[in-house]
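A.B. asks: Dropping in coords_17.txt, with compact mmCIF, C-alpha atoms.
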# COMPACT_ATOMS: atom_id res chain seq x y z
CA MET A 1 100.01 -8.08 -286.63
CA ASN A 2 101.37 -5.99 -289.45
CA ASN A 3 105.09 -6.44 -288.87
CA TYR A 4 106.37 -9.84 -289.95
CA TRP A 5 109.59 -9.44 -288.02
CA ASN A 6 107.66 -8.93 -284.81
CA ARG A 7 105.56 -11.99 -285.58
CA CYS A 8 108.71 -13.95 -286.38
CA ILE A 9 109.72 -14.06 -282.72
CA TRP A 10 106.62 -16.09 -282.00
CA LEU A 11 107.62 -19.20 -283.96
CA ILE A 12 108.38 -20.89 -280.64
CA LEU A 13 105.54 -23.32 -280.96
CA LEU A 14 106.90 -24.49 -284.29
CA SER A 15 110.41 -25.16 -282.94
CA VAL A 16 111.64 -21.80 -284.18
CA LEU A 17 109.30 -19.63 -282.13
CA PHE A 18 111.09 -16.70 -280.56
CA SER A 19 113.85 -16.74 -283.13
CA ALA A 20 116.46 -14.04 -283.12
CA CYS A 21 114.67 -12.04 -285.80
CA GLY A 22 113.51 -9.38 -283.36
CA ASN A 23 112.54 -9.01 -279.72
CA GLY A 24 111.00 -5.55 -279.80
CA ASP A 25 112.26 -2.43 -278.07
CA ILE A 26 113.48 -2.44 -274.51
CA ALA A 27 111.15 -0.40 -272.34
CA THR A 28 112.39 1.65 -269.43
CA PRO A 29 111.82 -0.50 -266.34
CA THR A 30 110.21 0.89 -263.22
CA SER A 31 112.72 3.13 -261.48
CA GLY A 32 115.27 1.24 -259.43
CA ILE A 33 114.38 -2.19 -260.90
CA THR A 34 116.72 -4.35 -262.97
CA PRO A 35 115.70 -7.70 -264.56
CA CYS A 36 117.73 -10.72 -263.44
CA PRO A 37 117.67 -14.50 -264.16
CA PRO A 38 114.87 -16.16 -262.15
CA GLY A 39 115.55 -19.03 -259.75
CA SER A 40 112.86 -20.97 -261.60
CA ASN A 41 111.13 -20.37 -264.92
CA VAL A 42 107.35 -20.88 -265.14
CA TYR A 43 107.66 -22.12 -268.72
CA VAL A 44 109.90 -24.98 -267.57
CA SER A 45 106.89 -27.16 -266.82
CA PRO A 46 105.81 -30.51 -268.25
CA ILE A 47 102.78 -30.76 -270.48
CA SER A 48 99.78 -32.12 -268.57
CA GLN A 49 98.68 -35.70 -269.07
CA ASN A 50 95.21 -34.70 -270.29
CA LEU A 51 96.79 -32.82 -273.21
CA ILE A 52 99.04 -35.78 -274.01
CA ASP A 53 95.93 -37.97 -273.95
CA LEU A 54 94.20 -35.60 -276.37
CA TYR A 55 97.06 -35.96 -278.80
CA GLU A 56 97.16 -39.75 -278.41
CA ASN A 57 93.39 -39.92 -279.00
CA GLY A 58 93.93 -37.95 -282.19
CA VAL A 59 96.58 -40.42 -283.32
CA ALA A 60 94.31 -43.37 -282.54
CA SER A 61 91.42 -41.87 -284.53
CA ALA A 62 93.44 -40.57 -287.48
CA GLY A 63 91.69 -42.95 -289.88
CA ASP A 64 88.19 -41.90 -288.83
CA SER A 65 87.37 -38.33 -289.88
CA THR A 66 84.41 -38.03 -287.49
CA ALA A 67 86.33 -39.29 -284.47
CA TYR A 68 89.35 -37.18 -285.39
CA GLY A 69 87.09 -34.12 -285.69
CA ASN A 70 85.76 -34.79 -282.20
CA VAL A 71 89.31 -34.82 -280.81
CA GLN A 72 90.06 -31.57 -282.61
CA LEU A 73 86.90 -30.12 -281.07
CA GLN A 74 88.00 -31.13 -277.57
CA ALA A 75 91.39 -29.49 -278.11
CA PHE A 76 89.85 -26.33 -279.53
CA ASN A 77 87.37 -26.12 -276.66
CA GLU A 78 90.30 -26.30 -274.24
CA LEU A 79 91.98 -23.48 -276.13
CA VAL A 80 88.90 -21.22 -276.14
CA ASN A 81 88.16 -21.77 -272.46
CA HIS A 82 91.74 -21.18 -271.37
CA VAL A 83 91.89 -17.96 -273.37
CA TYR A 84 88.67 -16.91 -271.62
CA TYR A 85 89.93 -17.70 -268.12
CA LEU A 86 93.34 -16.13 -268.72
CA SER A 87 91.95 -12.88 -270.14
CA ASP A 88 90.40 -9.72 -268.78
CA SER A 89 88.76 -6.95 -270.76
CA VAL A 90 88.02 -3.26 -270.34
CA ASP A 91 85.27 -1.63 -272.42
CA ILE A 92 85.55 2.11 -273.07
CA GLN A 93 82.70 4.06 -274.64
CA SER A 94 83.83 6.58 -277.23
CA GLY A 95 80.79 8.27 -278.76
CA GLU A 96 78.66 5.57 -280.37
CA LYS A 97 81.56 3.15 -280.52
CA THR A 98 82.75 0.72 -277.85
CA VAL A 99 86.48 0.09 -277.72
CA ARG A 100 87.50 -3.09 -275.91
CA ILE A 101 91.02 -3.74 -274.63
CA THR A 102 91.58 -7.42 -273.81
CA ILE A 103 94.79 -8.70 -272.23
CA THR A 104 95.55 -12.43 -272.16
CA TYR A 105 98.25 -14.09 -270.09
CA ILE A 106 100.04 -16.70 -272.20
CA SER A 107 100.52 -19.24 -269.43
CA PRO A 108 102.63 -22.38 -269.88
CA GLU A 109 99.47 -24.50 -270.16
CA LEU A 110 97.97 -22.17 -272.76
CA ALA A 111 101.17 -22.46 -274.81
CA HIS A 112 100.91 -26.27 -274.55
CA ILE A 113 97.25 -26.23 -275.62
CA ILE A 114 98.17 -24.17 -278.68
CA LEU A 115 100.86 -26.74 -279.45
CA VAL A 116 98.35 -29.63 -279.26
CA ASN A 117 95.94 -27.77 -281.55
CA HIS A 118 98.79 -27.14 -283.99
CA TYR A 119 99.75 -30.81 -284.07
CA LEU A 120 96.14 -31.91 -284.61
CA TYR A 121 95.57 -29.24 -287.26
CA LYS A 122 98.74 -30.25 -289.14
CA ARG A 123 97.99 -33.93 -288.53
CA TYR A 124 101.40 -34.55 -287.01
CA ILE A 125 100.62 -38.06 -285.82
CA ASN A 126 104.08 -39.59 -285.94
CA PHE A 127 105.04 -38.63 -282.37
CA SER A 128 102.85 -41.14 -280.57
CA GLY A 129 104.43 -42.13 -277.28
CA LYS A 130 106.99 -39.34 -277.50
CA PHE A 131 104.85 -36.21 -277.84
CA LYS A 132 105.88 -35.09 -274.34
CA GLU A 133 109.52 -35.06 -275.41
CA GLN A 134 108.76 -32.60 -278.22
CA VAL A 135 107.49 -29.85 -275.90
CA PRO A 136 110.86 -28.63 -274.47
CA ASN A 137 112.21 -28.20 -277.99
CA HIS A 138 109.25 -26.05 -279.00
CA VAL A 139 109.37 -23.78 -275.94
CA SER A 140 113.14 -23.57 -275.44
CA ARG A 141 113.45 -20.00 -276.71
CA MET A 142 110.38 -18.98 -274.76
CA ILE A 143 112.09 -20.31 -271.63
CA GLY A 144 115.27 -18.48 -272.58
CA ARG A 145 113.52 -15.11 -272.48
CA ASN A 146 112.91 -15.36 -268.70
CA GLU A 147 109.80 -13.23 -269.23
CA TYR A 148 106.06 -13.57 -268.66
CA VAL A 149 104.24 -13.33 -271.99
CA PHE A 150 101.02 -11.36 -272.53
CA PHE A 151 98.87 -10.71 -275.60
CA ILE A 152 96.89 -7.46 -275.93
CA THR A 153 93.95 -7.01 -278.31
CA PHE A 154 92.18 -3.77 -279.26
CA THR A 155 88.74 -4.25 -280.80
CA ALA A 156 85.76 -1.99 -281.54
CA SER A 157 82.02 -2.56 -281.83
CA PHE A 158 82.31 -1.51 -285.49
CA TYR A 159 85.05 -0.35 -287.84
CA THR A 160 84.49 2.76 -289.97
CA ASP A 161 86.24 5.96 -291.01
CA ASN A 162 83.49 7.96 -289.34
CA PRO A 163 84.09 8.16 -286.51
CA LYS A 164 87.72 7.18 -286.37
CA SER A 165 89.20 5.58 -283.26
CA ILE A 166 92.75 6.84 -282.74
CA ILE A 167 94.22 5.02 -279.75
CA ILE A 168 97.16 6.09 -277.59
CA PHE A 169 97.96 3.30 -275.15
CA PRO A 170 101.10 3.82 -273.04
CA LEU A 171 102.14 0.17 -273.02
CA LYS A 172 105.47 1.01 -271.38
CA GLU A 173 103.48 2.32 -268.39
CA LEU A 174 101.33 -0.82 -268.05
CA LYS A 175 102.42 -1.96 -264.60
CA LEU A 176 102.25 -5.48 -263.24
CA ILE A 177 101.71 -5.29 -259.47
CA ASN A 178 102.40 -8.23 -257.14
CA THR A 179 101.30 -8.83 -253.55
CA ASN A 180 104.42 -7.03 -252.27
CA HIS A 181 103.13 -3.97 -254.14
CA THR A 182 106.15 -4.07 -256.40
CA ALA A 183 105.30 -2.65 -259.82
CA VAL A 184 107.20 -3.63 -262.96
CA THR A 185 106.75 -2.47 -266.53
CA PRO A 186 107.23 -4.44 -269.78
CA VAL A 187 110.84 -4.95 -270.83
CA HIS A 188 109.92 -5.85 -274.42
CA ASP A 189 106.91 -5.11 -276.60
CA ASP A 190 105.80 -5.11 -280.22
CA HIS A 191 106.58 -2.03 -282.29
CA ASN A 192 103.02 -1.41 -283.49
CA PHE A 193 102.00 0.17 -280.17
CA GLU A 194 104.86 2.65 -279.97
CA LYS A 195 102.74 5.45 -281.49
CA PRO A 196 99.04 6.29 -281.99
CA PHE A 197 97.15 3.71 -284.03
CA ASP A 198 93.74 3.56 -285.66
CA LEU A 199 91.03 0.90 -285.40
CA THR A 200 89.36 2.03 -288.63
CA ASN A 201 90.22 -1.12 -290.57
CA GLY A 202 89.94 -3.72 -287.85
CA PRO A 203 91.45 -4.90 -284.57
CA ARG A 204 95.06 -4.46 -283.51
CA TYR A 205 97.01 -6.86 -281.33
CA GLY A 206 100.48 -7.89 -280.25
CA PHE A 207 102.71 -9.24 -277.50
CA PHE A 208 104.47 -7.69 -274.53
CA TYR A 209 106.69 -9.18 -271.83
CA TYR A 210 107.48 -8.69 -268.13
CA PRO A 211 110.65 -9.89 -266.38
CA MET A 212 110.22 -12.98 -264.19
CA ALA A 213 112.74 -11.74 -261.64
CA ILE A 214 114.11 -8.35 -260.65
CA ILE A 215 116.72 -6.71 -258.48
CA GLN A 216 115.34 -3.91 -256.35
CA ASN A 217 117.23 -2.73 -253.29
CA GLY A 218 118.59 -6.18 -252.63
CA PRO A 219 119.02 -9.66 -254.15
CA CYS A 220 117.27 -11.02 -257.23
CA GLN A 221 113.62 -11.80 -256.43
CA THR A 222 110.81 -13.48 -258.34
CA VAL A 223 108.11 -11.09 -259.56
CA LEU A 224 105.26 -13.59 -259.18
CA ASP A 225 105.54 -16.18 -256.44
CA ARG A 226 102.82 -18.84 -256.60
CA ASN A 227 102.99 -19.19 -252.81
CA TYR A 228 101.95 -15.58 -252.33
CA ASP A 229 100.68 -14.16 -255.62
CA THR A 230 97.30 -15.80 -256.15
CA SER A 231 96.30 -13.14 -258.69
CA ILE A 232 97.81 -10.71 -261.19
CA GLU A 233 96.89 -7.06 -261.57
CA LEU A 234 97.89 -4.92 -264.53
CA SER A 235 97.15 -1.19 -264.50
CA VAL A 236 97.71 1.74 -266.82
CA PRO A 237 97.42 5.42 -265.74
CA LYS A 238 95.66 6.64 -268.86
CA VAL A 239 94.27 5.69 -272.26
CA PHE A 240 93.52 8.23 -274.99
CA ILE A 241 90.87 7.76 -277.68
CA ASN A 242 90.63 10.54 -280.26
CA GLU A 243 92.68 12.75 -277.89
CA ASP A 244 90.18 12.26 -275.05
CA ASP A 245 91.71 11.05 -271.79
CA MET A 246 89.68 7.98 -270.82
CA GLY A 247 91.36 7.69 -267.43
CA SER A 248 93.13 4.81 -265.73
CA HIS A 249 92.19 1.15 -266.19
CA SER A 250 93.18 -2.21 -264.75
CA TRP A 251 93.04 -5.90 -265.66
CA ASP A 252 92.94 -8.74 -263.12
CA TYR A 253 93.66 -12.48 -263.33
CA LYS A 254 93.56 -15.43 -260.97
CA LEU A 255 97.03 -16.98 -260.94
CA ALA A 256 96.62 -19.80 -258.41
CA PRO A 257 94.06 -20.69 -255.70
CA LEU A 258 95.01 -20.17 -252.08
CA ILE A 259 93.70 -23.68 -251.40
CA ASP A 260 94.48 -26.13 -254.22
CA MET A 261 91.56 -28.54 -254.70
CA THR A 262 92.45 -29.78 -258.19
CA SER A 263 93.33 -33.25 -256.87
CA VAL A 264 89.75 -33.57 -255.58
CA SER A 265 87.60 -31.66 -258.05
CA GLY A 266 89.83 -31.40 -261.09
CA ALA A 267 90.45 -28.25 -263.12
CA HIS A 268 87.93 -25.47 -263.64
CA GLN A 269 84.73 -26.31 -265.46
CA ASN A 270 84.71 -25.09 -269.04
CA LYS A 271 82.36 -22.18 -269.61
CA PHE A 272 81.93 -22.79 -273.34
CA SER A 273 81.15 -25.97 -275.25
CA LEU A 274 81.38 -25.14 -278.92
CA PRO A 275 79.49 -27.04 -281.63
CA LEU A 276 81.30 -29.25 -284.11
CA LEU A 277 82.27 -26.87 -286.92
CA ILE A 278 85.26 -28.12 -288.85
CA ASP A 279 86.20 -24.65 -290.12
CA GLN A 280 86.87 -23.37 -286.60
CA PHE A 281 89.79 -25.79 -286.19
CA VAL A 282 91.73 -23.57 -288.60
CA PRO A 283 93.71 -20.73 -286.93
CA ARG A 284 92.71 -17.43 -288.44
CA THR A 285 93.70 -13.80 -288.12
CA SER A 286 90.42 -12.07 -288.89
CA THR A 287 88.25 -9.12 -287.97
CA LEU A 288 87.04 -9.38 -284.39
CA THR A 289 84.45 -6.93 -283.08
CA ALA A 290 83.75 -6.03 -279.46
CA MET A 291 80.62 -8.16 -279.36
CA ASN A 292 78.97 -9.49 -276.20
CA ILE A 293 81.79 -10.23 -273.76
CA GLU A 294 80.02 -13.45 -272.74
CA SER A 295 79.64 -14.63 -276.33
CA GLN A 296 81.50 -17.81 -277.22
CA ASP A 297 81.95 -16.38 -280.71
CA PHE A 298 84.11 -13.57 -279.32
CA TRP A 299 86.35 -15.95 -277.39
CA ALA A 300 86.55 -18.50 -280.22
CA ALA A 301 87.65 -15.75 -282.61
CA LEU A 302 90.20 -14.39 -280.13
CA ALA A 303 91.55 -17.90 -279.49
CA ARG A 304 92.03 -18.41 -283.23
CA ILE A 305 93.88 -15.09 -283.50
CA ILE A 306 96.22 -16.00 -280.62
CA TRP A 307 96.77 -19.42 -282.16
CA ALA A 308 97.56 -17.89 -285.56
CA GLU A 309 99.86 -15.25 -284.10
CA THR A 310 101.85 -17.68 -281.96
CA THR A 311 102.40 -20.33 -284.62
CA LEU A 312 101.92 -18.52 -287.94
CA ASP A 313 99.57 -21.39 -288.91
CA PRO A 314 98.36 -22.23 -291.46
What do you get writing this file as C-alpha cells?
C.D. replies:
Amino acid sequence: MNNYWNRCIWLILLSVLFSACGNGDIATPTSGITPCPPGSNVYVSPISQNLIDLYENGVASAGDSTAYGNVQLQAFNELVNHVYYLSDSVDIQSGEKTVRITITYISPELAHIILVNHYLYKRYINFSGKFKEQVPNHVSRMIGRNEYVFFITFTASFYTDNPKSIIIFPLKELKLINTNHTAVTPVHDDHNFEKPFDLTNGPRYGFFYYPMAIIQNGPCQTVLDRNYDTSIELSVPKVFINEDDMGSHSWDYKLAPLIDMTSVSGAHQNKFSLPLLIDQFVPRTSTLTAMNIESQDFWAALARIIWAETTLDP
C-alpha cells in the first residue's frame, strides 16, 4: 500500500493497530441505512486454544532452531490456509492479460493467527502462560471500529506498460448482502481506490470496512447473524478495465455451517502443507501475479502480504 497513513491504521496487531492516524473516507451508505453500535462485536472473541498451544510450543523450543522452525511452519501453514478459506477471487480476461480481484475476510481467528505469526517471527517468548491476556490489548481498536474488515487485492498475470491495465473499481458500490437481502456498502476504505489505478508496476491492495449493525426502518440490527447468515456475498455492479465495462461480479464466503460438527470432526482440513522454507516466515510485501488459483505459492504470497500490511512487520 502506497500511503503510509492508510497503513498506519492497521497497527492493531502490534498494540497500536488502528491508531487515530487515519480511517479513510466515509462512503455513502446504502440509502436509508445508518450504522449503529452492535449488540455484540465479532472481534470480541477469545483466541483459540490451538493457537495458544502453538505459541507455547514455540516458547518451549526456543533453544532449538529446528524445532522452533517447525513451530513457525505450523503457524504459517495456518495463516496460508485461513487466507485461502476466507478469500474468493474473480478472474477477468483483458486482452492477453488476466486481472484477478481477490477479497479476503479478516475474521477474528485470522487476526489471531497473524498475531501468533508475529510473535514467533519477532521471537516474543516472554509471555508464556499469559499470551491469551495480550490479545485484547492488540485488537482493542479493531473492536472499537464496530466494523467487519476486508482486504482486497488486484493482481495481473504479468505487469508491463504494454498493455496497461487501468482499473476502475467502484468500491463504494461493493454491497454486502445478508440472508434478509439487506445490502450495505463500505463505510470506510483506503484512499488508493478512490480513482482509476494502474497495475503496470505490480499488484494493488488495501482494506475496506462494513458496519456490523445498522438502523433501517426500525431498531438497530446486526448485519451478519451467525444463526441465520451461514455465508457472505459481496457484489459490485461493474468493473472497468481500460475503459471496457467488464460487467458485474460477486464474491462468496462460508461464514458458519448450518450444522456445527467441529466438536466431532474438528476444524476444516488444511488444503496446503507448505515445505520448510525459513525465508517464508518473513512477512513480505512483494509482487504477486495472478498465477494458478490453486497454487500454494499464490496463497503463501498473499498471506505474507496480508501479514505485512496488518502488522507492518518486519
A.B. asks: Given the point (81.9, -4.3, -281.7) in the file's coordinates, find the residues that have an atom at most 8 Å from it, counting only C-alpha atoms, and give them as a PyMOL selection string.
C.D. replies: chain A and resi 97-99+155-159+288-291
A.B. asks: For a quick check of understanding, using all atoms listed in the file, which of A:Pro46, A:Asn270, A:Leu224, A:Leu199 has the smallest distance to Asn137 in chain A?
C.D. replies: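 With all atoms listed in the file as the atom set, the closest residue is A:Pro46.
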A.B. asks: Quote the spacing between CA of Asp198 in chain A and CA of Ile106 in chain A in Å to one decimal place.
C.D. replies: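 Distance reported for this atom pair: 25.1 Å.
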A.B. asks: Work out how far apart CA of Ser94 in chain A and CA of Ile232 in chain A are and give it in Å to one decimal.
C.D. replies: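 Computed distance, CA of Ser94 in chain A to CA of Ile232 in chain A, equals 27.4 Å.
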A.B. asks: Of the candidates A:Tyr210, A:Glu194, A:Ser165, A:Gly202, which shows the shortest atom-to-atom distance to Gln93 in chain A, using all atoms listed in the file?
C.D. replies: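 Closest to Gln93 in chain A of all the choices is A:Ser165.
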A.B. asks: Could you check which of A:His188, A:His118, A:Arg304, A:Lys132 is closest to Asp53 in chain A, using only C-alpha atoms?
C.D. replies: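 Among A:His188, A:His118, A:Arg304, A:Lys132, it is A:Lys132 that comes nearest to Asp53 in chain A.
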A.B. asks: Interatomic distance between CA of Gly247 in chain A and CA of Gln296 in chain A?
C.D. replies: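 Going from CA of Gly247 in chain A over to CA of Gln296 in chain A, I get 29.0 Å.
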A.B. asks: Looking at A:Tyr124, A:Tyr68, A:Phe240, A:Tyr148, which one is nearest to Ala111 in chain A, with distances taken over only C-alpha atoms?
C.D. replies: A:Tyr148
A.B. asks: Name the closest residue to Gly58 in chain A among the candidates A:Ala300, A:His191, A:Leu86, A:Lys122; distances are taken between atoms, counting all atoms listed in the file.
C.D. replies: A:Lys122
A.B. asks: Hey, which of A:Ser40, A:Ser65, A:Ser250, A:Thr311 ends up closest to Arg123 in chain A? Count only C-alpha atoms.
C.D. replies: A:Ser65
A.B. asks: Could you give me the axis-aligned bounding box of range 187-204 of chain A, with 3 Å of padding per side, as centre plus edge lengths in Å to one decimal, as AutoDock Vina command-line options?
C.D. replies:
--center_x 100.1 --center_y 0.2 --center_z -280.7 --size_x 27.5 --size_y 18.1 --size_z 25.7
A.B. asks: Find the residues with any atom within 8 Å of (97.4, -10.3, -274.6); use only C-alpha atoms and the coordinates as given in the file, and write the answer as a list in words.
C.D. replies: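 Result, sorted by chain then residue number: Ser87, Thr102, Ile103, Thr104, Tyr105, Ile106, Val149, Phe150, Phe151, Ile152, Thr153, Tyr205, Gly206, Phe207 and Phe208 of chain A.
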A.B. asks: Please, could you write that set of residues out with C-alpha atoms as a short mmCIF file (atom, residue, chain, number, x, y, z; two decimals), in the coordinates of the input?
C.D. replies:
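For reference, again08.cif as written:
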data_model
loop_
_atom_site.label_atom_id
_atom_site.label_comp_id
_atom_site.auth_asym_id
_atom_site.auth_seq_id
_atom_site.Cartn_x
_atom_site.Cartn_y
_atom_site.Cartn_z
CA SER A 87 91.95 -12.88 -270.14
CA THR A 102 91.58 -7.42 -273.81
CA ILE A 103 94.79 -8.70 -272.23
CA THR A 104 95.55 -12.43 -272.16
CA TYR A 105 98.25 -14.09 -270.09
CA ILE A 106 100.04 -16.70 -272.20
CA VAL A 149 104.24 -13.33 -271.99
CA PHE A 150 101.02 -11.36 -272.53
CA PHE A 151 98.87 -10.71 -275.60
CA ILE A 152 96.89 -7.46 -275.93
CA THR A 153 93.95 -7.01 -278.31
CA TYR A 205 97.01 -6.86 -281.33
CA GLY A 206 100.48 -7.89 -280.25
CA PHE A 207 102.71 -9.24 -277.50
CA PHE A 208 104.47 -7.69 -274.53
#
A.B. asks: Excluding same-chain residues fewer than 5 positions from range 170-173 of chain A, what lies within 8 Å of it counting only C-alpha atoms, as an MDAnalysis selection string?
C.D. replies: chainID A and resid 27:28 185:186 189 193:194 236:239
A.B. asks: Store the residues picked out above in a file with C-alpha atoms, as a tab-separated table (two decimals), in the frame of the given file.
C.D. replies:
chain	number	residue	atom	x	y	z
A	27	ALA	CA	111.15	-0.40	-272.34
A	28	THR	CA	112.39	1.65	-269.43
A	185	THR	CA	106.75	-2.47	-266.53
A	186	PRO	CA	107.23	-4.44	-269.78
A	189	ASP	CA	106.91	-5.11	-276.60
A	193	PHE	CA	102.00	0.17	-280.17
A	194	GLU	CA	104.86	2.65	-279.97
A	236	VAL	CA	97.71	1.74	-266.82
A	237	PRO	CA	97.42	5.42	-265.74
A	238	LYS	CA	95.66	6.64	-268.86
A	239	VAL	CA	94.27	5.69	-272.26
A.B. asks: Reconstruct N, CA and C atoms of range 199-213 of chain A; output as a short mmCIF file (atom, residue, chain, number, x, y, z; two decimals), in the frame of the given file.
C.D. replies:
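New file part.cif:
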data_model
loop_
_atom_site.label_atom_id
_atom_site.label_comp_id
_atom_site.auth_asym_id
_atom_site.auth_seq_id
_atom_site.Cartn_x
_atom_site.Cartn_y
_atom_site.Cartn_z
N LEU A 199 91.82 2.13 -285.29
CA LEU A 199 91.03 0.90 -285.40
C LEU A 199 90.05 0.96 -286.57
N THR A 200 90.29 1.87 -287.52
CA THR A 200 89.36 2.03 -288.63
C THR A 200 89.19 0.75 -289.43
N ASN A 201 90.27 0.03 -289.68
CA ASN A 201 90.22 -1.12 -290.57
C ASN A 201 90.17 -2.47 -289.86
N GLY A 202 90.03 -2.46 -288.56
CA GLY A 202 89.94 -3.72 -287.85
C GLY A 202 90.74 -3.71 -286.56
N PRO A 203 90.77 -4.83 -285.87
CA PRO A 203 91.45 -4.90 -284.57
C PRO A 203 92.96 -4.81 -284.70
N ARG A 204 93.60 -4.47 -283.58
CA ARG A 204 95.06 -4.46 -283.51
C ARG A 204 95.46 -5.32 -282.31
N TYR A 205 96.60 -5.99 -282.42
CA TYR A 205 97.01 -6.86 -281.33
C TYR A 205 98.51 -7.12 -281.41
N GLY A 206 99.06 -7.59 -280.29
CA GLY A 206 100.48 -7.89 -280.25
C GLY A 206 100.88 -8.40 -278.87
N PHE A 207 102.18 -8.66 -278.71
CA PHE A 207 102.71 -9.24 -277.50
C PHE A 207 103.52 -8.23 -276.70
N PHE A 208 103.55 -8.43 -275.39
CA PHE A 208 104.47 -7.69 -274.53
C PHE A 208 104.91 -8.61 -273.40
N TYR A 209 106.01 -8.23 -272.72
CA TYR A 209 106.69 -9.18 -271.83
C TYR A 209 107.18 -8.50 -270.56
N TYR A 210 106.97 -9.17 -269.42
CA TYR A 210 107.48 -8.69 -268.13
C TYR A 210 108.62 -9.59 -267.66
N PRO A 211 109.59 -9.04 -266.93
CA PRO A 211 110.65 -9.89 -266.38
C PRO A 211 110.10 -10.83 -265.31
N MET A 212 110.65 -12.03 -265.22
CA MET A 212 110.22 -12.98 -264.19
C MET A 212 110.88 -12.68 -262.85
N ALA A 213 112.03 -12.05 -262.89
CA ALA A 213 112.74 -11.74 -261.64
C ALA A 213 113.42 -10.39 -261.78
#
